[in-house]
>>> print(open('structure_19.cif').read())   # mmCIF, C-alpha atoms
data_target
#
loop_
_atom_site.group_PDB
_atom_site.id
_atom_site.type_symbol
_atom_site.label_atom_id
_atom_site.label_comp_id
_atom_site.auth_asym_id
_atom_site.auth_seq_id
_atom_site.Cartn_x
_atom_site.Cartn_y
_atom_site.Cartn_z
ATOM 1 C CA MET A 1 -14.267 -4.083 35.083
ATOM 2 C CA ALA A 2 -12.522 -7.151 33.614
ATOM 3 C CA LEU A 3 -9.783 -6.970 36.241
ATOM 4 C CA SER A 4 -12.194 -6.660 39.200
ATOM 5 C CA SER A 5 -14.211 -9.663 38.013
ATOM 6 C CA ARG A 6 -11.033 -11.757 37.821
ATOM 7 C CA LEU A 7 -10.072 -10.671 41.361
ATOM 8 C CA TRP A 8 -13.551 -11.592 42.638
ATOM 9 C CA ARG A 9 -13.184 -15.087 41.141
ATOM 10 C CA LEU A 10 -9.750 -15.501 42.724
ATOM 11 C CA LEU A 11 -10.703 -14.603 46.328
ATOM 12 C CA PRO A 12 -12.775 -17.760 47.090
ATOM 13 C CA LEU A 13 -9.865 -19.892 45.947
ATOM 14 C CA LEU A 14 -7.514 -18.114 48.344
ATOM 15 C CA ARG A 15 -9.981 -18.447 51.248
ATOM 16 C CA GLY A 16 -10.471 -22.161 50.483
ATOM 17 C CA ALA A 17 -6.762 -22.816 50.371
ATOM 18 C CA GLU A 18 -6.225 -21.030 53.692
ATOM 19 C CA GLN A 19 -9.001 -23.008 55.441
ATOM 20 C CA SER A 20 -7.663 -26.317 54.115
ATOM 21 C CA VAL A 21 -4.194 -25.627 55.508
ATOM 22 C CA CYS A 22 -5.627 -24.729 58.933
ATOM 23 C CA GLN A 23 -7.826 -27.837 59.086
ATOM 24 C CA LEU A 24 -4.907 -30.013 58.066
ATOM 25 C CA ALA A 25 -2.755 -28.567 60.816
ATOM 26 C CA ARG A 26 -5.459 -29.165 63.489
ATOM 27 C CA SER A 27 -6.092 -32.751 62.392
ATOM 28 C CA TRP A 28 -2.411 -33.657 62.626
ATOM 29 C CA GLY A 29 -2.035 -32.218 66.114
ATOM 30 C CA SER A 30 1.105 -31.011 67.768
ATOM 31 C CA GLY A 31 3.099 -34.212 67.759
ATOM 32 C CA GLY A 32 1.465 -36.730 65.506
ATOM 33 C CA ARG A 33 2.707 -37.870 62.129
ATOM 34 C CA CYS A 34 0.598 -38.257 59.065
ATOM 35 C CA GLY A 35 1.016 -39.738 55.616
ATOM 36 C CA THR A 36 3.958 -41.474 54.037
ATOM 37 C CA TRP A 37 6.092 -38.337 54.129
ATOM 38 C CA GLY A 38 5.833 -38.110 57.941
ATOM 39 C CA PHE A 39 5.253 -34.373 58.269
ATOM 40 C CA ARG A 40 4.721 -33.243 61.850
ATOM 41 C CA GLY A 41 1.643 -31.185 62.650
ATOM 42 C CA SER A 42 3.796 -28.578 64.346
ATOM 43 C CA GLU A 43 5.819 -28.205 61.133
ATOM 44 C CA VAL A 44 2.692 -27.580 59.114
ATOM 45 C CA THR A 45 1.315 -25.191 61.723
ATOM 46 C CA GLY A 46 4.577 -23.313 61.840
ATOM 47 C CA ASN A 47 4.621 -22.990 58.060
ATOM 48 C CA THR A 48 1.001 -21.850 57.702
ATOM 49 C CA ARG A 49 1.904 -18.193 57.785
ATOM 50 C CA ALA A 50 4.664 -18.690 55.240
ATOM 51 C CA PHE A 51 2.282 -20.646 53.042
ATOM 52 C CA LYS A 52 -0.343 -17.898 53.307
ATOM 53 C CA ARG A 53 2.282 -15.321 52.410
ATOM 54 C CA GLY A 54 3.215 -17.441 49.403
ATOM 55 C CA LEU A 55 -0.403 -17.611 48.323
ATOM 56 C CA LEU A 56 -0.770 -13.863 48.733
ATOM 57 C CA PHE A 57 2.390 -13.237 46.719
ATOM 58 C CA SER A 58 1.160 -15.587 43.979
ATOM 59 C CA ALA A 59 -2.204 -13.820 43.938
ATOM 60 C CA LEU A 60 -0.580 -10.413 43.657
ATOM 61 C CA SER A 61 1.691 -11.674 40.878
ATOM 62 C CA TYR A 62 -1.309 -13.042 39.041
ATOM 63 C CA LEU A 63 -3.208 -9.779 39.486
ATOM 64 C CA GLY A 64 -0.174 -7.818 38.343
ATOM 65 C CA PHE A 65 0.000 -9.900 35.185
ATOM 66 C CA GLU A 66 -3.739 -9.506 34.617
ATOM 67 C CA THR A 67 -3.418 -5.745 35.100
ATOM 68 C CA TYR A 68 -0.572 -5.642 32.585
ATOM 69 C CA GLN A 69 -2.664 -7.584 30.069
ATOM 70 C CA VAL A 70 -5.680 -5.288 30.463
ATOM 71 C CA ILE A 71 -3.557 -2.133 30.164
ATOM 72 C CA SER A 72 -1.634 -3.545 27.190
ATOM 73 C CA GLN A 73 -4.840 -4.439 25.392
ATOM 74 C CA ALA A 74 -6.213 -0.953 26.013
ATOM 75 C CA ALA A 75 -2.977 0.583 24.724
ATOM 76 C CA VAL A 76 -3.140 -1.511 21.544
ATOM 77 C CA VAL A 77 -6.733 -0.451 20.922
ATOM 78 C CA HIS A 78 -5.806 3.191 21.506
ATOM 79 C CA ALA A 79 -2.752 2.965 19.225
ATOM 80 C CA THR A 80 -4.807 1.289 16.493
ATOM 81 C CA ALA A 81 -7.461 3.993 16.715
ATOM 82 C CA LYS A 82 -4.764 6.676 16.497
ATOM 83 C CA VAL A 83 -3.160 5.081 13.412
ATOM 84 C CA GLU A 84 -6.538 4.858 11.701
ATOM 85 C CA GLU A 85 -7.136 8.536 12.440
ATOM 86 C CA ILE A 86 -3.738 9.468 10.965
ATOM 87 C CA LEU A 87 -4.423 7.375 7.867
ATOM 88 C CA GLU A 88 -7.763 9.114 7.358
ATOM 89 C CA GLN A 89 -6.063 12.514 7.558
ATOM 90 C CA ALA A 90 -3.300 11.367 5.220
ATOM 91 C CA ASP A 91 -5.720 10.036 2.614
ATOM 92 C CA TYR A 92 -7.763 13.229 2.755
ATOM 93 C CA LEU A 93 -4.652 15.364 2.181
ATOM 94 C CA TYR A 94 -3.528 13.099 -0.657
ATOM 95 C CA GLU A 95 -6.889 13.300 -2.421
ATOM 96 C CA SER A 96 -6.859 17.078 -1.921
ATOM 97 C CA GLY A 97 -3.428 17.398 -3.543
ATOM 98 C CA GLU A 98 -1.891 18.817 -0.346
ATOM 99 C CA THR A 99 1.508 17.264 -1.013
ATOM 100 C CA GLU A 100 3.587 19.277 1.458
ATOM 101 C CA LYS A 101 1.044 19.102 4.300
ATOM 102 C CA LEU A 102 0.807 15.355 3.792
ATOM 103 C CA TYR A 103 4.570 14.976 4.003
ATOM 104 C CA GLN A 104 4.715 17.120 7.162
ATOM 105 C CA LEU A 105 1.990 14.996 8.768
ATOM 106 C CA LEU A 106 3.522 11.633 7.969
ATOM 107 C CA THR A 107 7.137 12.448 8.800
ATOM 108 C CA GLN A 108 6.047 12.877 12.423
ATOM 109 C CA TYR A 109 5.601 9.095 12.421
ATOM 110 C CA LYS A 110 8.686 8.087 10.421
ATOM 111 C CA GLU A 111 9.805 5.736 13.216
ATOM 112 C CA SER A 112 6.509 3.852 13.056
ATOM 113 C CA GLU A 113 6.452 0.143 12.205
ATOM 114 C CA ASP A 114 2.939 0.310 10.765
ATOM 115 C CA VAL A 115 3.017 -0.847 7.134
ATOM 116 C CA GLU A 116 0.161 1.452 6.098
ATOM 117 C CA LEU A 117 1.992 4.492 7.411
ATOM 118 C CA LEU A 118 5.317 3.390 5.919
ATOM 119 C CA TRP A 119 4.188 2.950 2.316
ATOM 120 C CA ARG A 120 2.315 6.259 2.504
ATOM 121 C CA LEU A 121 5.535 7.853 3.739
ATOM 122 C CA ALA A 122 7.327 6.408 0.709
ATOM 123 C CA ARG A 123 4.686 7.867 -1.594
ATOM 124 C CA ALA A 124 4.709 11.258 0.147
ATOM 125 C CA SER A 125 8.512 11.509 0.002
ATOM 126 C CA ARG A 126 8.460 10.690 -3.691
ATOM 127 C CA ASP A 127 5.716 13.240 -4.358
ATOM 128 C CA ILE A 128 7.764 15.974 -2.663
ATOM 129 C CA ALA A 129 10.750 14.940 -4.785
ATOM 130 C CA GLN A 130 8.661 15.441 -7.945
ATOM 131 C CA LEU A 131 7.753 19.059 -7.167
ATOM 132 C CA CYS A 132 9.252 21.679 -9.494
ATOM 133 C CA LYS A 133 10.710 23.683 -6.612
ATOM 134 C CA THR A 134 12.613 20.689 -5.207
ATOM 135 C CA SER A 135 16.320 20.966 -5.996
ATOM 136 C CA GLU A 136 18.241 18.089 -7.566
ATOM 137 C CA GLU A 137 20.128 17.482 -4.328
ATOM 138 C CA GLU A 138 16.928 17.404 -2.284
ATOM 139 C CA LYS A 139 15.264 15.189 -4.870
ATOM 140 C CA LYS A 140 17.967 12.558 -4.586
ATOM 141 C CA VAL A 141 17.770 12.539 -0.782
ATOM 142 C CA LEU A 142 13.975 12.268 -0.857
ATOM 143 C CA LEU A 143 13.974 9.427 -3.372
ATOM 144 C CA TYR A 144 16.382 7.346 -1.306
ATOM 145 C CA GLU A 145 14.338 8.233 1.773
ATOM 146 C CA ALA A 146 11.233 6.961 -0.012
ATOM 147 C CA LEU A 147 13.028 3.724 -0.895
ATOM 148 C CA GLU A 148 13.958 3.159 2.734
ATOM 149 C CA TYR A 149 10.336 3.619 3.881
ATOM 150 C CA ALA A 150 9.104 1.245 1.182
ATOM 151 C CA LYS A 151 11.725 -1.338 2.116
ATOM 152 C CA ARG A 152 10.689 -1.191 5.775
ATOM 153 C CA ALA A 153 7.036 -1.567 4.792
ATOM 154 C CA LEU A 154 7.842 -4.652 2.726
ATOM 155 C CA GLU A 155 9.938 -6.188 5.505
ATOM 156 C CA LYS A 156 7.122 -5.564 7.952
ATOM 157 C CA LYS A 157 4.406 -7.150 5.829
ATOM 158 C CA GLY A 158 5.258 -9.096 2.695
ATOM 159 C CA SER A 159 1.573 -9.636 1.915
ATOM 160 C CA SER A 160 0.909 -5.907 1.402
ATOM 161 C CA PHE A 161 0.317 -5.173 -2.287
ATOM 162 C CA ALA A 162 0.994 -1.468 -1.683
ATOM 163 C CA ALA A 163 4.373 -2.237 -0.100
ATOM 164 C CA HIS A 164 5.377 -4.270 -3.174
ATOM 165 C CA LYS A 165 4.141 -1.554 -5.523
ATOM 166 C CA TRP A 166 5.942 1.312 -3.828
ATOM 167 C CA TYR A 167 9.119 -0.671 -3.320
ATOM 168 C CA ALA A 168 9.232 -1.302 -7.080
ATOM 169 C CA ILE A 169 8.478 2.357 -7.871
ATOM 170 C CA CYS A 170 11.204 3.594 -5.524
ATOM 171 C CA ILE A 171 13.819 1.171 -6.868
ATOM 172 C CA SER A 172 13.005 2.453 -10.340
ATOM 173 C CA ASP A 173 13.371 6.065 -9.181
ATOM 174 C CA VAL A 174 16.838 5.649 -7.679
ATOM 175 C CA GLY A 175 18.002 3.797 -10.796
ATOM 176 C CA ASP A 176 18.929 7.140 -12.348
ATOM 177 C CA TYR A 177 21.661 7.495 -9.697
ATOM 178 C CA GLU A 178 22.913 3.912 -9.794
ATOM 179 C CA GLY A 179 24.320 3.507 -13.311
ATOM 180 C CA ILE A 180 23.138 1.532 -16.341
ATOM 181 C CA LYS A 181 24.230 -1.910 -15.080
ATOM 182 C CA VAL A 182 22.401 -1.598 -11.757
ATOM 183 C CA LYS A 183 19.409 -0.011 -13.471
ATOM 184 C CA ILE A 184 19.015 -2.951 -15.857
ATOM 185 C CA ALA A 185 19.597 -5.487 -13.066
ATOM 186 C CA ASN A 186 16.920 -3.787 -10.977
ATOM 187 C CA ALA A 187 14.447 -4.176 -13.842
ATOM 188 C CA TYR A 188 14.003 -7.835 -12.928
ATOM 189 C CA VAL A 189 13.293 -6.908 -9.292
ATOM 190 C CA ILE A 190 10.879 -4.170 -10.328
ATOM 191 C CA LYS A 191 8.907 -6.504 -12.568
ATOM 192 C CA GLU A 192 8.752 -9.151 -9.853
ATOM 193 C CA HIS A 193 7.270 -6.739 -7.319
ATOM 194 C CA PHE A 194 4.766 -5.234 -9.743
ATOM 195 C CA GLU A 195 3.579 -8.728 -10.637
ATOM 196 C CA LYS A 196 3.298 -9.607 -6.945
ATOM 197 C CA ALA A 197 1.303 -6.437 -6.265
ATOM 198 C CA ILE A 198 -1.120 -7.360 -9.063
ATOM 199 C CA GLU A 199 -1.398 -10.909 -7.737
ATOM 200 C CA LEU A 200 -2.214 -9.641 -4.230
ATOM 201 C CA ASN A 201 -4.691 -7.035 -5.495
ATOM 202 C CA PRO A 202 -5.915 -7.563 -9.087
ATOM 203 C CA LYS A 203 -8.219 -4.549 -8.710
ATOM 204 C CA ASP A 204 -5.447 -2.021 -8.190
ATOM 205 C CA ALA A 205 -5.330 -0.151 -11.496
ATOM 206 C CA THR A 206 -2.078 1.629 -10.619
ATOM 207 C CA SER A 207 -0.078 -1.589 -10.251
ATOM 208 C CA ILE A 208 -1.406 -2.822 -13.592
ATOM 209 C CA HIS A 209 -0.590 0.519 -15.226
ATOM 210 C CA LEU A 210 2.957 0.394 -13.834
ATOM 211 C CA MET A 211 3.454 -3.075 -15.259
ATOM 212 C CA GLY A 212 2.410 -1.569 -18.602
ATOM 213 C CA ILE A 213 5.057 1.138 -18.216
ATOM 214 C CA TRP A 214 7.656 -1.541 -17.543
ATOM 215 C CA CYS A 215 6.717 -3.279 -20.792
ATOM 216 C CA TYR A 216 6.602 -0.005 -22.754
ATOM 217 C CA THR A 217 10.030 1.043 -21.448
ATOM 218 C CA PHE A 218 11.740 -2.119 -22.644
ATOM 219 C CA ALA A 219 9.836 -2.182 -25.915
ATOM 220 C CA GLU A 220 11.091 1.370 -26.524
ATOM 221 C CA MET A 221 14.655 0.763 -25.332
ATOM 222 C CA PRO A 222 17.192 2.311 -27.782
ATOM 223 C CA TRP A 223 19.373 -0.126 -29.709
ATOM 224 C CA TYR A 224 22.602 0.941 -27.963
ATOM 225 C CA GLN A 225 21.103 0.308 -24.502
ATOM 226 C CA ARG A 226 19.822 -3.044 -25.719
ATOM 227 C CA ARG A 227 23.331 -3.936 -26.876
ATOM 228 C CA ILE A 228 24.745 -2.964 -23.475
ATOM 229 C CA ALA A 229 22.091 -5.106 -21.785
ATOM 230 C CA GLU A 230 22.988 -8.061 -23.998
ATOM 231 C CA VAL A 231 26.656 -7.698 -23.070
ATOM 232 C CA LEU A 232 25.926 -7.442 -19.348
ATOM 233 C CA PHE A 233 23.208 -10.077 -19.072
ATOM 234 C CA ALA A 234 22.634 -13.406 -20.782
ATOM 235 C CA ASN A 235 18.872 -12.776 -20.823
ATOM 236 C CA PRO A 236 18.268 -9.017 -20.647
ATOM 237 C CA PRO A 237 14.731 -7.802 -19.876
ATOM 238 C CA SER A 238 12.566 -7.283 -22.927
ATOM 239 C CA SER A 239 8.937 -6.690 -23.893
ATOM 240 C CA THR A 240 6.667 -5.475 -26.709
ATOM 241 C CA TYR A 241 4.235 -2.627 -27.317
ATOM 242 C CA GLU A 242 1.440 -5.189 -27.627
ATOM 243 C CA GLU A 243 2.153 -6.423 -24.119
ATOM 244 C CA ALA A 244 2.253 -2.864 -22.775
ATOM 245 C CA LEU A 245 -1.053 -2.101 -24.477
ATOM 246 C CA LYS A 246 -2.643 -5.108 -22.806
ATOM 247 C CA TYR A 247 -1.751 -3.776 -19.347
ATOM 248 C CA PHE A 248 -2.854 -0.201 -20.096
ATOM 249 C CA HIS A 249 -6.248 -1.447 -21.292
ATOM 250 C CA ARG A 250 -6.574 -3.767 -18.329
ATOM 251 C CA ALA A 251 -5.907 -0.846 -15.958
ATOM 252 C CA GLU A 252 -8.564 1.207 -17.735
ATOM 253 C CA GLU A 253 -11.066 -1.641 -17.409
ATOM 254 C CA VAL A 254 -10.429 -1.917 -13.666
ATOM 255 C CA ASP A 255 -10.771 1.835 -13.049
ATOM 256 C CA PRO A 256 -11.771 3.978 -16.069
ATOM 257 C CA ASN A 257 -10.098 7.414 -16.360
ATOM 258 C CA PHE A 258 -8.214 6.884 -13.115
ATOM 259 C CA TYR A 259 -4.949 8.429 -14.304
ATOM 260 C CA SER A 260 -3.924 10.904 -16.984
ATOM 261 C CA LYS A 261 -0.722 9.038 -17.783
ATOM 262 C CA ASN A 262 -2.580 5.813 -18.563
ATOM 263 C CA LEU A 263 -4.658 7.686 -21.164
ATOM 264 C CA LEU A 264 -1.547 9.329 -22.564
ATOM 265 C CA LEU A 265 0.356 6.045 -22.827
ATOM 266 C CA LEU A 266 -2.557 4.330 -24.527
ATOM 267 C CA GLY A 267 -2.317 7.037 -27.193
ATOM 268 C CA LYS A 268 1.478 6.779 -27.431
ATOM 269 C CA THR A 269 1.396 2.989 -27.669
ATOM 270 C CA TYR A 270 -1.157 3.049 -30.462
ATOM 271 C CA LEU A 271 1.073 5.546 -32.288
ATOM 272 C CA LYS A 272 3.991 3.125 -31.921
ATOM 273 C CA LEU A 273 1.775 0.427 -33.431
ATOM 274 C CA ASN A 274 0.782 2.837 -36.232
ATOM 275 C CA ASN A 275 -2.892 2.844 -35.288
ATOM 276 C CA LYS A 276 -3.517 6.576 -35.662
ATOM 277 C CA LYS A 277 -7.264 6.425 -35.205
ATOM 278 C CA LEU A 278 -7.109 4.854 -31.738
ATOM 279 C CA ALA A 279 -4.050 6.940 -30.895
ATOM 280 C CA ALA A 280 -6.060 10.120 -31.537
ATOM 281 C CA PHE A 281 -8.963 8.823 -29.450
ATOM 282 C CA TRP A 282 -6.830 8.266 -26.344
ATOM 283 C CA LEU A 283 -4.693 11.370 -26.764
ATOM 284 C CA VAL A 284 -7.785 13.583 -26.965
ATOM 285 C CA LYS A 285 -9.072 11.949 -23.765
ATOM 286 C CA ALA A 286 -5.721 12.632 -22.103
ATOM 287 C CA LYS A 287 -5.787 16.279 -23.175
ATOM 288 C CA SER A 288 -9.247 16.812 -21.694
ATOM 289 C CA TYR A 289 -8.266 15.151 -18.411
ATOM 290 C CA PRO A 290 -8.419 17.660 -15.500
ATOM 291 C CA ALA A 291 -4.977 18.232 -13.994
ATOM 292 C CA HIS A 292 -5.438 17.393 -10.312
ATOM 293 C CA THR A 293 -1.801 17.101 -9.296
ATOM 294 C CA GLU A 294 1.539 18.708 -10.063
ATOM 295 C CA GLU A 295 2.449 15.530 -11.923
ATOM 296 C CA ASP A 296 -0.629 15.859 -14.156
ATOM 297 C CA LYS A 297 0.284 19.449 -14.994
ATOM 298 C CA GLN A 298 3.881 18.592 -15.838
ATOM 299 C CA ARG A 299 2.938 15.583 -17.924
ATOM 300 C CA LEU A 300 0.150 17.162 -19.946
ATOM 301 C CA TRP A 301 1.704 20.543 -20.601
ATOM 302 C CA LYS A 302 5.420 19.970 -21.082
ATOM 303 C CA PRO A 303 6.226 20.194 -24.801
ATOM 304 C CA ASP A 304 8.347 17.049 -24.713
ATOM 305 C CA GLN A 305 5.749 15.102 -22.753
ATOM 306 C CA GLY A 306 2.330 15.878 -24.090
ATOM 307 C CA GLN A 307 1.894 18.854 -26.390
ATOM 308 C CA GLN A 308 3.604 17.376 -29.435
ATOM 309 C CA LEU A 309 1.439 14.288 -29.113
ATOM 310 C CA PHE A 310 -1.696 16.386 -28.815
ATOM 311 C CA LYS A 311 -0.728 18.274 -31.973
ATOM 312 C CA THR A 312 -0.372 14.921 -33.691
ATOM 313 C CA ALA A 313 -3.794 13.883 -32.436
ATOM 314 C CA GLY A 314 -5.303 17.137 -33.750
ATOM 315 C CA LYS A 315 -3.712 16.647 -37.146
ATOM 316 C CA ILE A 316 -5.086 13.094 -37.318
ATOM 317 C CA HIS A 317 -8.581 14.455 -36.614
ATOM 318 C CA GLU A 318 -8.205 17.060 -39.354
ATOM 319 C CA ASP A 319 -7.147 14.403 -41.878
ATOM 320 C CA ARG A 320 -10.158 12.208 -41.127
#
>>> encode(input="structure_19.cif", output="structure tokens")
Amino acid sequence: MALSSRLWRLLPLLRGAEQSVCQLARSWGSGGRCGTWGFRGSEVTGNTRAFKRGLLFSALSYLGFETYQVISQAAVVHATAKVEEILEQADYLYESGETEKLYQLLTQYKESEDVELLWRLARASRDIAQLCKTSEEEKKVLLYEALEYAKRALEKKGSSFAAHKWYAICISDVGDYEGIKVKIANAYVIKEHFEKAIELNPKDATSIHLMGIWCYTFAEMPWYQRRIAEVLFANPPSSTYEEALKYFHRAEEVDPNFYSKNLLLLGKTYLKLNNKKLAAFWLVKAKSYPAHTEEDKQRLWKPDQGQQLFKTAGKIHEDR
């Protein structure tokens, strides 16, 4: 419809141009001269057909360009609609805990340049890596794969909070394969991207929670690792439990009970600060949290992750 209307507007212009050339040729006659350039009427008459062909060629070129624009615009709209449909499917599978189906869906579009698809691919690859049945070799491959997707997402759109968040997460994940020096050096990069994610979206509880983990990790760093960091770097990364606690509470304020690990770390941080009453409160909440994902199950029921803490919380309740 848009193309036909443009063609209809163009036709009168072509007719007018053709009539003007013909009238000009007749007025000059066969031998007369006209104007300061001294064109002969016969020259103009002889060139009328060529001029008309030129006009026709120009019109067809214009229409070809217009056709290309209309088709391109339609293709963009169609592609956008398709991406939105894929994202809806992906988000549904993620919320349903269908980790493997989600990964299978998204890897069909691994060559995409869409930032929303790319950071979801990073997340899906990482989630597959975290499954119990994933071998150590496969886990390493998947984690580096996730980092590559996150990096592409960030390069594509630096204003995406999710791209910053998942890039930081993936750098942290591969740190286990990079050695202590690289791992500590990456800590600065990780912090920078978490802070940027929070700046871009202050309502994203996960980014705030992850910044809390960063603080907790360096507050808890063993003395020998701290000494290594001091040897390697003039100003090694550092933090406190109080700072970590601030972020965990802030995440909870933004989105209450959004994540089992945030509840668990609130309890652990209060234990580190020797506040047993509040530690028990948050640990009991963590224990009663429904395990939606594989990660929840591993975190809450591994003896070294959650059960010992829950026993501590129970003992505190008995003593009160």
>>> resolve_selection(input="structure_19.cif", expression="the PyMOL selection byres ((chain A and resi 119) around 6)", output="PyMOL selection string")
chain A and resi 116-118+120-122+150+153+163
>>> write_last_selection(input="structure_19.cif", atoms="C-alpha atoms", output="JSON list (two decimals), in the coordinates of the input")
[["chain", "number", "residue", "atom", "x", "y", "z"],
["A", 116, "GLU", "CA", 0.16, 1.45, 6.10],
["A", 117, "LEU", "CA", 1.99, 4.49, 7.41],
["A", 118, "LEU", "CA", 5.32, 3.39, 5.92],
["A", 120, "ARG", "CA", 2.32, 6.26, 2.50],
["A", 121, "LEU", "CA", 5.54, 7.85, 3.74],
["A", 122, "ALA", "CA", 7.33, 6.41, 0.71],
["A", 150, "ALA", "CA", 9.10, 1.25, 1.18],
["A", 153, "ALA", "CA", 7.04, -1.57, 4.79],
["A", 163, "ALA", "CA", 4.37, -2.24, -0.10]]
>>> closest_residue(input="structure_19.cif", among="A:Leu265, A:Val115, A:Ala229, A:Val83", to="A:Ala286", atoms="all atoms listed in the file")
A:Leu265
>>> closest_residue(input="structure_19.cif", among="A:Leu200, A:Leu266, A:Met221, A:Ala168", to="A:Arg123", atoms="only C-alpha atoms")
A:Ala168
>>> resolve_selection(input="structure_19.cif", expression="the PyMOL selection byres ((chain A and resi 90-107) around 10)", output="list in words")
Glu84, Glu85, Ile86, Leu87, Glu88, Gln89, Gln108, Tyr109, Lys110, Glu111, Ser112, Leu117, Leu118, Arg120, Leu121, Ala122, Arg123, Ala124, Ser125, Arg126, Asp127, Ile128, Leu131, His292, Thr293 and Glu294 of chain A
>>> resolve_selection(input="structure_19.cif", expression="the PyMOL selection byres ((chain A and resi 137-144) around 7)", output="ChimeraX atom specification")
/A:125-126,129,134-136,145-148,170,173-174
>>> atom_distance(input="structure_19.cif", atom1="atom CA of A:Phe281", atom2="atom CA of A:Glu243")
19.6 Å
>>> closest_residue(input="structure_19.cif", among="A:Val189, A:Leu232, A:Leu273, A:Ile171", to="A:Tyr216", atoms="only C-alpha atoms")
A:Leu273
>>> atom_distance(input="structure_19.cif", atom1="atom CA of A:Cys215", atom2="atom CA of A:Thr240")
6.3 Å
>>> closest_residue(input="structure_19.cif", among="A:Lys82, A:Lys287, A:Lys196, A:His164", to="A:Lys261", atoms="only C-alpha atoms")
A:Lys287
>>> atom_distance(input="structure_19.cif", atom1="atom CA of A:Lys157", atom2="atom CA of A:Asp114")
9.1 Å
